[in-house]
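Visitor: Quick one: the structure is below, and I'll ask about it shortly.
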Amino acid sequence: MDELNEQRQQRIKKLDLLREAGVAPYGTRFEVKDRAGELLRLHSEKPKETLDQEKISCTLAGRVVALRRFGKAGFAVLQDGADRLQLYLKKDLLSEQAYAVVEQLDLGDWIGVTGTLFRTKTNEFTVEVHQLTFLSKALRPLPEKWHGLTDVETRYRQRYVDLIANPQVHQIFSTRSRIIAGIRAFLIERGFLEVETPMMHPIPGGATAKPFVTHHNALGVDLYLRIAPELYLKRLIVGGFPRVFEINRNFRNEGISTIHNPEFTMLEFYVSYADYQDLIALTEELVSSLAQQILGKTVITYQGRDIILTPPWQRWSYHQAILEVNSLEPSVLQDREKALAAAKRLNVPVDPKASLFTIVNEIFEETVEPNLQQPTFITDYPIEISPLARRKDTDPTLTDRFELYIAGREIANAFSELNDPLDQRERFEGQAAQREAGDDEAHLVDEDFLRALEYGMPPTAGEGIGIDRLIMLFTDQASIRDVVLFPQLRPEKA
RNA sequence: GAGCCGGUAGCUCAGUCGGUAGAGCAUCGCCCUUUUAAGGCGAGGGCCCUGGGUUCGAGUCCCAGCCGGCUCACCA
């Protein structure tokens with residue numbers, strides 16, 4: 001018999017012993033009156049004498065994660081959420097049945113207790129338990145108490161064990177939830193309406209990416225998991241909702257890395273009558289106020305580097321950034337041969353047949369992006385790589401657009417929306433031509449979206465923020481898998 | 001998809017030159033009514049990722065594969 005089975009068998013045996021003692025090993029309702037975190041926050045600073053005087057009674061529940069028994073008494077550590085609180089279990093203070101439970105208790109079991117707060121002679125804040133209710137039996141042993149669970153594969157595949165064994169992981173996901181709640185509150189406070197748009201699209205659009213394909217049997221059609229909600233949210237602007245947002249998953253059938261998961265969480269929001277400059281201000285306010293609210297500061301540390309989220313942030317035009325970082329002549333941006341030569345000189349690998357804008361964009365991604373550690377708005381992207389953005393009034397080859405970079409990564413993408421249906425049709429047709437030419441990520445013509453624009457869309461600015469990456473930044477995590485509860489892995493047992 | 005690194009007890013890890021598989025925690029038994037990585041004494045527990053090969057003999061060397069991490073490529 002292998003060791004896991006041996007430990008399981010032992011625990012299954014204890015199920016019977018519990019039943020014999022009249023205890024249900026899988027119990028039911030338990031009236032929780034206190035949370036460990038709250039008790040620690042309210043009372044753990046009080047001196048021994050105060051606690052003895054106040055005789056504070058409490059009732060809480062959780063998982064037993066440590067047990068130190070000796071003879072007819074012992075200590076247990078109860079884990080309640082991310083908090084741990086010590087229990088004192090003494091035979092004299094418990095019913096015969098309750099003490100029988102203590103004797104059968106295993107690491108991992110769930111219990112509920114009632115008792116009073118006190119300090120041990122080593123000054124540890126502890127609950128002296130008077131009543132104990134067995135709630136649920138664990139049949140599998142917990143990971144090692146000192147090192148916890150470190151095997152990354154097990155941590156991702158069995159996140160439940162990771163969450164039990166590593167309280168800091170519990171903390172990260174609780175922070176994640178608070179960040180998303182904070183974003184919702186921020187937007188709702190400013191008059192945004194939260195909406196849900198389709199996850200299954202007949203035509204994938206709103207971004208350039210490879211989609212996942214699925215099939216609807218009754219309709220007999222292929223559908224695509226959405227790569228972005230953009231075109232649907234803009235339909236709602238046409239419909240007359242002046243401010244909408246959606247926080248939900250996008251799906252992209254592309255590589256997996258420390259900053260890419262096939263499904264990822266995106267915030268997109270649209271503001272009627274506004275332009276991309278308004279969104280720069282809104283983004284600074286959103287991110288810095290979130291940092292203040294969640295982390296209590298606007299200068300944060302990410303992977304050993306200080307990131308200053310205190311506004312205002314740097315603004316830099318796309319072309320200006322390329323020229324300045326690489327000390328290039330402006331003519332490079334106009335001349336394909338010069339751009340190609342510059343790329344070669346800068347050791348930026350490019351396809352020699354690539355178009356001017358592709359070469360320039362390669363130079364940007366290779367030489368500028370990694371330098372954008374502090375929050376920076378890169379503005380005025382060329383029209384060729386911005387098929388849904390409004391042209392600049394001052395230069396029709398550029399768009400009213402920005403991307404926000406923090407820690408060398410793209411965090412947000414925003415622009416004044418293209419609301420001219422005829423221009424949009426031309427751009428779609430340009431994309432269709434690129435698709436004909438072999439670019440399978442170019443946009444398809446979405447006739448219904450064009451029809452919507454033809455009903456008239458007010459001037460509008462829209463933005464998408466990659467929530468997982470924002471959370472990585474806020475929680476100082478290097479890998480997206482550490483901020484996604486169940487990251488995508490190859491299925492177990494091939 | 002390519003390169004590098006890894007996979008040994010439930011967990012965290014050792015394993016020398018190729019010579020019968022090790023520790024701590026966890027588990028089981030005994031002792032212990034204020035411990036906190038509790039302690040003491042004793043015991044059990046292994047598909048060394050899988051499949052081939054070399055060898056008298058493979059956890060160890062070779063080949064192929066599986067799974068994971070990191071880097072690169074694509075992308076947010």
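The way I read the labels, and the way they are meant: chains A, B, ... in the order of the structure tokens, residue 1 as the first residue of every chain, and ligand 1 as the first ligand shown, with later ones counted on from there.
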Output as CSV one row per residue of chain B within 6 Å of chain A: the closest atom pair and its distance in Å to one decimal place, counting only C-alpha atoms (C1' of nucleotides), sorted by chain and residue number ascending.
Guide:
```
residue,atom,partner,partner_atom,distance
B:G10,C1',A:Leu4,CA,5.2
B:C11,C1',A:Pro143,CA,4.3
B:U12,C1',A:His147,CA,5.9
B:C25,C1',A:Glu144,CA,5.8
B:U27,C1',A:Gln7,CA,5.8
B:C32,C1',A:Gly71,CA,5.0
B:U33,C1',A:Ala73,CA,4.9
B:U34,C1',A:Thr120,CA,5.7
B:G45,C1',A:Glu3,CA,5.0
B:G68,C1',A:Glu153,CA,5.7
```
Visitor: Take the residues just selected and output them with N, CA and C atoms (P, O5', C5', C4', C3', O3' and C1' of nucleotides) as a compact mmCIF listing (two decimals), in the first residue's frame.
Guide:
```txt
# COMPACT_ATOMS: atom_id res chain seq x y z
P G B 10 3.93 9.13 -1.77
O5' G B 10 3.25 10.52 -1.41
C5' G B 10 1.96 10.89 -1.92
C4' G B 10 1.48 12.09 -1.17
C3' G B 10 2.46 13.26 -1.12
O3' G B 10 2.24 14.13 -2.21
C1' G B 10 1.78 12.70 1.08
P C B 11 3.48 14.86 -2.95
O5' C B 11 3.94 15.95 -1.88
C5' C B 11 3.13 17.08 -1.62
C4' C B 11 3.79 17.94 -0.57
C3' C B 11 5.21 18.38 -0.89
O3' C B 11 5.22 19.55 -1.68
C1' C B 11 5.15 17.48 1.29
P U B 12 6.45 19.88 -2.64
O5' U B 12 7.66 20.12 -1.62
C5' U B 12 7.72 21.32 -0.86
C4' U B 12 9.00 21.35 -0.05
C3' U B 12 10.26 21.05 -0.84
O3' U B 12 10.71 22.19 -1.55
C1' U B 12 10.28 19.81 1.18
P C B 25 11.05 15.53 12.26
O5' C B 25 9.81 16.13 11.44
C5' C B 25 9.47 17.51 11.53
C4' C B 25 8.49 17.88 10.45
C3' C B 25 7.16 17.13 10.47
O3' C B 25 6.25 17.67 11.41
C1' C B 25 8.00 17.18 8.27
P U B 27 0.43 13.83 11.45
O5' U B 27 0.44 12.38 10.81
C5' U B 27 -0.51 12.02 9.81
C4' U B 27 -0.33 10.57 9.45
C3' U B 27 -0.37 9.60 10.63
O3' U B 27 -1.70 9.31 11.00
C1' U B 27 1.46 9.08 9.23
P C B 32 1.11 9.91 30.21
O5' C B 32 1.61 11.41 29.99
C5' C B 32 2.54 12.01 30.88
C4' C B 32 3.06 13.29 30.29
C3' C B 32 2.02 14.33 29.93
O3' C B 32 1.59 15.08 31.06
C1' C B 32 3.56 14.11 28.15
P U B 33 0.01 15.40 31.16
O5' U B 33 0.00 16.98 30.93
C5' U B 33 0.19 17.54 29.64
C4' U B 33 -0.48 18.89 29.60
C3' U B 33 -0.05 19.85 30.71
O3' U B 33 -0.03 21.15 30.15
C1' U B 33 -2.37 19.55 30.81
P U B 34 1.21 22.15 30.45
O5' U B 34 0.97 23.32 29.41
C5' U B 34 1.25 23.13 28.03
C4' U B 34 1.62 24.45 27.42
C3' U B 34 2.72 25.20 28.16
O3' U B 34 3.48 25.91 27.20
C1' U B 34 0.78 26.52 28.09
P G B 45 6.87 -0.98 4.97
O5' G B 45 6.39 0.39 4.33
C5' G B 45 5.06 0.51 3.81
C4' G B 45 4.80 1.94 3.42
C3' G B 45 5.62 2.45 2.25
O3' G B 45 4.98 2.13 1.02
C1' G B 45 5.66 4.03 4.01
P G B 68 2.24 20.82 -19.07
O5' G B 68 3.25 21.43 -18.00
C5' G B 68 2.84 21.62 -16.66
C4' G B 68 4.03 21.98 -15.80
C3' G B 68 4.76 23.25 -16.18
O3' G B 68 4.08 24.40 -15.73
C1' G B 68 6.32 21.54 -15.71
```
Visitor: I'd like the neighbourhood of B:U60 as number ranges by chain, where a residue qualifies if any of its atoms comes within 12 Å (using only C-alpha atoms (C1' of nucleotides)), though same-chain residues fewer than 5 positions away should be ignored.
Guide: B: 8, 15-19, 48
Visitor: Output N, CA, C and O atoms (P, O5', C5', C4', C3', O3' and C1' of nucleotides) of each residue in that selection to a file, as a PDB file, in the first residue's frame.
Guide:
```pdb
ATOM      1  P     U B   8       9.808  14.001  -7.992  1.00  0.00           P
ATOM      2  O5'   U B   8      10.878  12.815  -7.913  1.00  0.00           O
ATOM      3  C5'   U B   8      10.500  11.501  -8.254  1.00  0.00           C
ATOM      4  C4'   U B   8      11.140  10.514  -7.328  1.00  0.00           C
ATOM      5  C3'   U B   8      10.835  10.714  -5.854  1.00  0.00           C
ATOM      6  O3'   U B   8       9.571  10.203  -5.490  1.00  0.00           O
ATOM      7  C1'   U B   8      13.152  10.404  -6.095  1.00  0.00           C
ATOM      8  P     G B  15      22.783  15.608  -4.138  1.00  0.00           P
ATOM      9  O5'   G B  15      22.856  14.026  -4.090  1.00  0.00           O
ATOM     10  C5'   G B  15      23.732  13.387  -3.175  1.00  0.00           C
ATOM     11  C4'   G B  15      23.413  11.921  -3.108  1.00  0.00           C
ATOM     12  C3'   G B  15      23.436  11.176  -4.439  1.00  0.00           C
ATOM     13  O3'   G B  15      24.748  10.849  -4.841  1.00  0.00           O
ATOM     14  C1'   G B  15      21.497  10.586  -3.247  1.00  0.00           C
ATOM     15  P     U B  16      25.010  10.542  -6.415  1.00  0.00           P
ATOM     16  O5'   U B  16      26.555  10.774  -6.596  1.00  0.00           O
ATOM     17  C5'   U B  16      27.112  12.091  -6.447  1.00  0.00           C
ATOM     18  C4'   U B  16      28.547  11.972  -6.030  1.00  0.00           C
ATOM     19  C3'   U B  16      29.310  10.801  -6.645  1.00  0.00           C
ATOM     20  O3'   U B  16      30.662  11.175  -6.882  1.00  0.00           O
ATOM     21  C1'   U B  16      29.357  10.614  -4.298  1.00  0.00           C
ATOM     22  P     C B  17      31.125  11.509  -8.341  1.00  0.00           P
ATOM     23  O5'   C B  17      31.360  10.088  -9.013  1.00  0.00           O
ATOM     24  C5'   C B  17      31.620   9.993 -10.409  1.00  0.00           C
ATOM     25  C4'   C B  17      31.947   8.567 -10.756  1.00  0.00           C
ATOM     26  C3'   C B  17      30.795   7.584 -10.525  1.00  0.00           C
ATOM     27  O3'   C B  17      30.795   6.603 -11.553  1.00  0.00           O
ATOM     28  C1'   C B  17      32.698   6.928  -9.262  1.00  0.00           C
ATOM     29  P     G B  18      29.730   6.762 -12.739  1.00  0.00           P
ATOM     30  O5'   G B  18      28.574   5.738 -12.364  1.00  0.00           O
ATOM     31  C5'   G B  18      27.568   6.067 -11.413  1.00  0.00           C
ATOM     32  C4'   G B  18      26.880   4.813 -10.938  1.00  0.00           C
ATOM     33  C3'   G B  18      27.762   3.893 -10.099  1.00  0.00           C
ATOM     34  O3'   G B  18      26.925   3.169  -9.204  1.00  0.00           O
ATOM     35  C1'   G B  18      27.063   2.742 -11.992  1.00  0.00           C
ATOM     36  P     G B  19      27.133   3.215  -7.649  1.00  0.00           P
ATOM     37  O5'   G B  19      26.737   1.741  -7.189  1.00  0.00           O
ATOM     38  C5'   G B  19      25.386   1.301  -7.243  1.00  0.00           C
ATOM     39  C4'   G B  19      25.275  -0.073  -6.619  1.00  0.00           C
ATOM     40  C3'   G B  19      25.879  -0.210  -5.225  1.00  0.00           C
ATOM     41  O3'   G B  19      25.173  -1.231  -4.557  1.00  0.00           O
ATOM     42  C1'   G B  19      27.028  -1.617  -6.713  1.00  0.00           C
ATOM     43  P     C B  48      10.070   2.967  -9.317  1.00  0.00           P
ATOM     44  O5'   C B  48      10.682   4.379  -8.962  1.00  0.00           O
ATOM     45  C5'   C B  48      10.604   5.407  -9.971  1.00  0.00           C
ATOM     46  C4'   C B  48      11.149   6.672  -9.410  1.00  0.00           C
ATOM     47  C3'   C B  48      12.089   7.380 -10.368  1.00  0.00           C
ATOM     48  O3'   C B  48      11.879   8.766 -10.236  1.00  0.00           O
ATOM     49  C1'   C B  48      13.216   6.929  -8.350  1.00  0.00           C
TER      50        C B  48
END
```
Visitor: To test your reading of the structure, identify every residue in stretch 159-199 of chain A that backbone DSSP assigns to alpha helix (DSSP H), and report it as a PDB file with C-alpha atoms, in the first residue's frame.
Guide:
```
ATOM      1  CA  ARG A 159      -4.959  25.636  -6.594  1.00  0.00           C
ATOM      2  CA  TYR A 160      -7.127  24.614  -3.642  1.00  0.00           C
ATOM      3  CA  VAL A 161      -4.067  23.047  -2.008  1.00  0.00           C
ATOM      4  CA  ASP A 162      -1.952  26.081  -2.865  1.00  0.00           C
ATOM      5  CA  LEU A 163      -4.526  28.315  -1.189  1.00  0.00           C
ATOM      6  CA  ILE A 164      -4.555  26.152   1.938  1.00  0.00           C
ATOM      7  CA  ALA A 165      -0.797  25.842   2.232  1.00  0.00           C
ATOM      8  CA  PRO A 167      -1.546  32.171   2.912  1.00  0.00           C
ATOM      9  CA  GLN A 168       0.254  34.748   0.754  1.00  0.00           C
ATOM     10  CA  VAL A 169      -1.446  33.211  -2.294  1.00  0.00           C
ATOM     11  CA  HIS A 170      -4.778  33.593  -0.542  1.00  0.00           C
ATOM     12  CA  GLN A 171      -3.831  37.225  -0.008  1.00  0.00           C
ATOM     13  CA  ILE A 172      -3.035  37.844  -3.687  1.00  0.00           C
ATOM     14  CA  PHE A 173      -6.430  36.622  -4.817  1.00  0.00           C
ATOM     15  CA  SER A 174      -8.214  38.589  -2.155  1.00  0.00           C
ATOM     16  CA  THR A 175      -6.326  41.680  -3.368  1.00  0.00           C
ATOM     17  CA  ARG A 176      -7.314  40.817  -6.926  1.00  0.00           C
ATOM     18  CA  SER A 177     -10.954  40.819  -5.925  1.00  0.00           C
ATOM     19  CA  ARG A 178     -10.616  44.145  -4.118  1.00  0.00           C
ATOM     20  CA  ILE A 179      -8.920  45.745  -7.135  1.00  0.00           C
ATOM     21  CA  ILE A 180     -11.763  44.682  -9.424  1.00  0.00           C
ATOM     22  CA  ALA A 181     -14.361  45.841  -6.910  1.00  0.00           C
ATOM     23  CA  GLY A 182     -12.492  49.155  -6.669  1.00  0.00           C
ATOM     24  CA  ILE A 183     -12.545  49.598 -10.457  1.00  0.00           C
ATOM     25  CA  ARG A 184     -16.297  48.908 -10.532  1.00  0.00           C
ATOM     26  CA  ALA A 185     -16.949  51.407  -7.788  1.00  0.00           C
ATOM     27  CA  PHE A 186     -14.775  54.039  -9.507  1.00  0.00           C
ATOM     28  CA  LEU A 187     -16.651  53.714 -12.794  1.00  0.00           C
ATOM     29  CA  ILE A 188     -20.143  53.418 -11.357  1.00  0.00           C
ATOM     30  CA  GLU A 189     -19.492  56.517  -9.276  1.00  0.00           C
TER      31      GLU A 189
END
```
Visitor: Within 12 Å of A:Arg29, counting only C-alpha atoms (C1' of nucleotides), which residues qualify if same-chain residues fewer than 5 places away don't, as a compact mmCIF listing (two decimals) with all heavy atoms, in the first residue's frame?
Guide:
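Now in around.txt:
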```txt
# COMPACT_ATOMS: atom_id res chain seq x y z
N ALA A 24 -20.96 13.51 13.52
CA ALA A 24 -21.06 13.41 12.06
C ALA A 24 -19.77 13.91 11.44
O ALA A 24 -19.40 15.07 11.64
CB ALA A 24 -22.24 14.23 11.56
N ALA A 61 -14.95 29.42 12.91
CA ALA A 61 -14.76 28.13 12.24
C ALA A 61 -13.61 28.23 11.27
O ALA A 61 -13.23 29.32 10.84
CB ALA A 61 -16.03 27.73 11.50
N ILE A 111 -13.28 22.55 11.71
CA ILE A 111 -14.01 22.55 12.98
C ILE A 111 -14.58 23.93 13.27
O ILE A 111 -14.13 24.92 12.70
CB ILE A 111 -13.11 22.12 14.18
CG1 ILE A 111 -11.91 23.06 14.32
CG2 ILE A 111 -12.65 20.67 14.04
CD1 ILE A 111 -11.10 22.83 15.60
N GLY A 112 -15.59 23.94 14.14
CA GLY A 112 -16.11 25.20 14.64
C GLY A 112 -15.91 25.20 16.15
O GLY A 112 -16.03 24.16 16.79
N THR A 133 -17.23 21.84 17.56
CA THR A 133 -18.12 21.14 16.64
C THR A 133 -17.29 20.66 15.45
O THR A 133 -16.61 21.46 14.81
CB THR A 133 -19.22 22.09 16.13
OG1 THR A 133 -19.86 22.67 17.26
CG2 THR A 133 -20.23 21.36 15.28
N PHE A 134 -17.36 19.36 15.20
CA PHE A 134 -16.64 18.84 14.05
C PHE A 134 -17.44 19.16 12.80
O PHE A 134 -18.64 18.92 12.74
CB PHE A 134 -16.43 17.33 14.18
CG PHE A 134 -15.44 16.81 13.18
CD1 PHE A 134 -14.08 16.88 13.46
CD2 PHE A 134 -15.85 16.30 11.96
CE1 PHE A 134 -13.14 16.43 12.54
CE2 PHE A 134 -14.92 15.86 11.04
CZ PHE A 134 -13.57 15.92 11.32
N LEU A 135 -16.78 19.72 11.77
CA LEU A 135 -17.52 20.15 10.58
C LEU A 135 -17.26 19.29 9.36
O LEU A 135 -18.19 18.95 8.63
CB LEU A 135 -17.20 21.62 10.27
CG LEU A 135 -17.60 22.62 11.36
CD1 LEU A 135 -17.19 24.03 10.97
CD2 LEU A 135 -19.10 22.56 11.63
N SER A 136 -15.99 18.96 9.12
CA SER A 136 -15.72 18.17 7.91
C SER A 136 -14.34 17.51 8.00
O SER A 136 -13.38 18.13 8.45
CB SER A 136 -15.80 19.06 6.68
OG SER A 136 -15.70 18.29 5.52
```
Visitor: Skip B:C5 itself and residues of its chain fewer than 5 positions away, then list as a list in words all residues within 12 Å of it, counting only C-alpha atoms (C1' of nucleotides).
Guide: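 Near B:C5, the qualifying residues are G68, G69, C70 and U71 of chain B.
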Visitor: When you look at A:Leu17 with a cut-off of 12 Å (counting only C-alpha atoms (C1' of nucleotides)), what residues show up, excluding the ones that are within fewer than 2 positions of it in the same chain? I need them as a list of chain:residue names.
Guide: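 Once the nearby chain positions are removed, what remains is A:Gln10, A:Arg11, A:Ile12, A:Lys13, A:Lys14, A:Leu15, A:Arg19, A:Glu20, A:Ala21, A:Gly22, A:Val23, A:Ala24, A:Pro25, A:Gln97, A:Ala100, A:Val101, A:Val102, A:Glu103, A:Gln104, A:Leu105, A:Lys137.
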Visitor: Limited to N, CA, C and O atoms, could you put the picked residues into a file as a CSV table (one decimal), in the first residue's frame?
Guide:
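Full text of selection.csv as output:
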```csv
chain,number,residue,atom,x,y,z
A,10,GLN,N,-6.0,5.6,7.2
A,10,GLN,CA,-6.0,6.0,8.6
A,10,GLN,C,-7.2,6.9,8.8
A,10,GLN,O,-7.9,6.8,9.8
A,11,ARG,N,-7.3,7.9,7.9
A,11,ARG,CA,-8.3,8.9,8.1
A,11,ARG,C,-9.7,8.4,7.9
A,11,ARG,O,-10.7,8.8,8.6
A,12,ILE,N,-9.9,7.4,7.0
A,12,ILE,CA,-11.2,6.8,6.8
A,12,ILE,C,-11.6,6.0,8.0
A,12,ILE,O,-12.7,6.0,8.4
A,13,LYS,N,-10.6,5.4,8.6
A,13,LYS,CA,-10.8,4.7,9.9
A,13,LYS,C,-11.4,5.7,11.0
A,13,LYS,O,-12.3,5.3,11.7
A,14,LYS,N,-10.8,6.9,10.9
A,14,LYS,CA,-11.2,7.9,11.9
A,14,LYS,C,-12.7,8.3,11.7
A,14,LYS,O,-13.3,8.8,12.6
A,15,LEU,N,-13.1,8.2,10.5
A,15,LEU,CA,-14.5,8.6,10.2
A,15,LEU,C,-15.4,7.7,11.0
A,15,LEU,O,-16.4,8.1,11.7
A,19,ARG,N,-18.0,8.5,14.1
A,19,ARG,CA,-19.4,8.1,14.1
A,19,ARG,C,-19.8,7.4,15.4
A,19,ARG,O,-20.8,7.6,15.9
A,20,GLU,N,-18.8,6.5,15.8
A,20,GLU,CA,-19.1,5.8,17.0
A,20,GLU,C,-19.2,6.7,18.2
A,20,GLU,O,-20.0,6.4,19.2
A,21,ALA,N,-18.5,7.8,18.2
A,21,ALA,CA,-18.6,8.8,19.3
A,21,ALA,C,-19.9,9.7,19.1
A,21,ALA,O,-20.1,10.6,19.9
A,22,GLY,N,-20.7,9.4,18.1
A,22,GLY,CA,-21.9,10.2,17.8
A,22,GLY,C,-21.6,11.5,17.1
A,22,GLY,O,-22.4,12.4,17.2
A,23,VAL,N,-20.5,11.6,16.4
A,23,VAL,CA,-20.1,12.8,15.7
A,23,VAL,C,-20.3,12.6,14.2
A,23,VAL,O,-19.7,11.6,13.7
A,24,ALA,N,-21.0,13.5,13.5
A,24,ALA,CA,-21.1,13.4,12.1
A,24,ALA,C,-19.8,13.9,11.4
A,24,ALA,O,-19.4,15.1,11.6
A,25,PRO,N,-19.1,13.1,10.7
A,25,PRO,CA,-17.8,13.5,10.1
A,25,PRO,C,-18.0,14.6,9.0
A,25,PRO,O,-17.1,15.3,8.6
A,97,GLN,N,-17.4,14.1,24.6
A,97,GLN,CA,-17.5,13.9,23.1
A,97,GLN,C,-16.5,14.9,22.4
A,97,GLN,O,-15.9,14.5,21.4
A,100,ALA,N,-13.1,13.6,22.6
A,100,ALA,CA,-13.0,12.5,21.7
A,100,ALA,C,-12.7,13.0,20.3
A,100,ALA,O,-11.8,12.4,19.6
A,101,VAL,N,-13.3,14.0,19.9
A,101,VAL,CA,-13.1,14.6,18.6
A,101,VAL,C,-11.6,15.1,18.5
A,101,VAL,O,-10.9,14.8,17.5
A,102,VAL,N,-11.2,15.8,19.5
A,102,VAL,CA,-9.8,16.3,19.5
A,102,VAL,C,-8.8,15.2,19.3
A,102,VAL,O,-7.8,15.3,18.6
A,103,GLU,N,-9.1,14.0,20.0
A,103,GLU,CA,-8.2,12.9,19.9
A,103,GLU,C,-8.1,12.3,18.4
A,103,GLU,O,-7.1,11.8,18.0
A,104,GLN,N,-9.2,12.5,17.7
A,104,GLN,CA,-9.2,12.0,16.3
A,104,GLN,C,-8.9,13.1,15.3
A,104,GLN,O,-8.9,12.8,14.1
A,105,LEU,N,-8.6,14.3,15.8
A,105,LEU,CA,-8.4,15.4,14.8
A,105,LEU,C,-7.2,15.2,14.0
A,105,LEU,O,-6.1,14.7,14.4
A,137,LYS,N,-14.3,16.3,7.5
A,137,LYS,CA,-13.1,15.5,7.6
A,137,LYS,C,-12.2,15.6,6.3
A,137,LYS,O,-12.8,15.5,5.2
```
Visitor: Within 9 Å of A:Gln314, counting only C-alpha atoms (C1' of nucleotides), which residues show up once you throw out same-chain ones fewer than 3 positions away? Write them as a list in words, please.
Guide: Pro311, Gln374, Pro375, Thr376, Phe377 and Ile378 of chain A
Visitor: Would you return as a PyMOL selection string the members of stretch 104-146 of chain A that DSSP assigns to strand (DSSP E) on this structure's backbone?
Guide: chain A and resi 110-119+125-136
Visitor: Could you state the separation of atom CA of A:Ser416 and atom CA of A:Ser331 in Å, given to one decimal place?
Guide: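 Computed distance, atom CA of A:Ser416 to atom CA of A:Ser331, equals 27.3 Å.
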Visitor: Between atom C1' of B:A26 and atom C1' of B:G59, what is the spacing in Å?
Guide: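 That distance, rounded to one decimal, is 23.6 Å.
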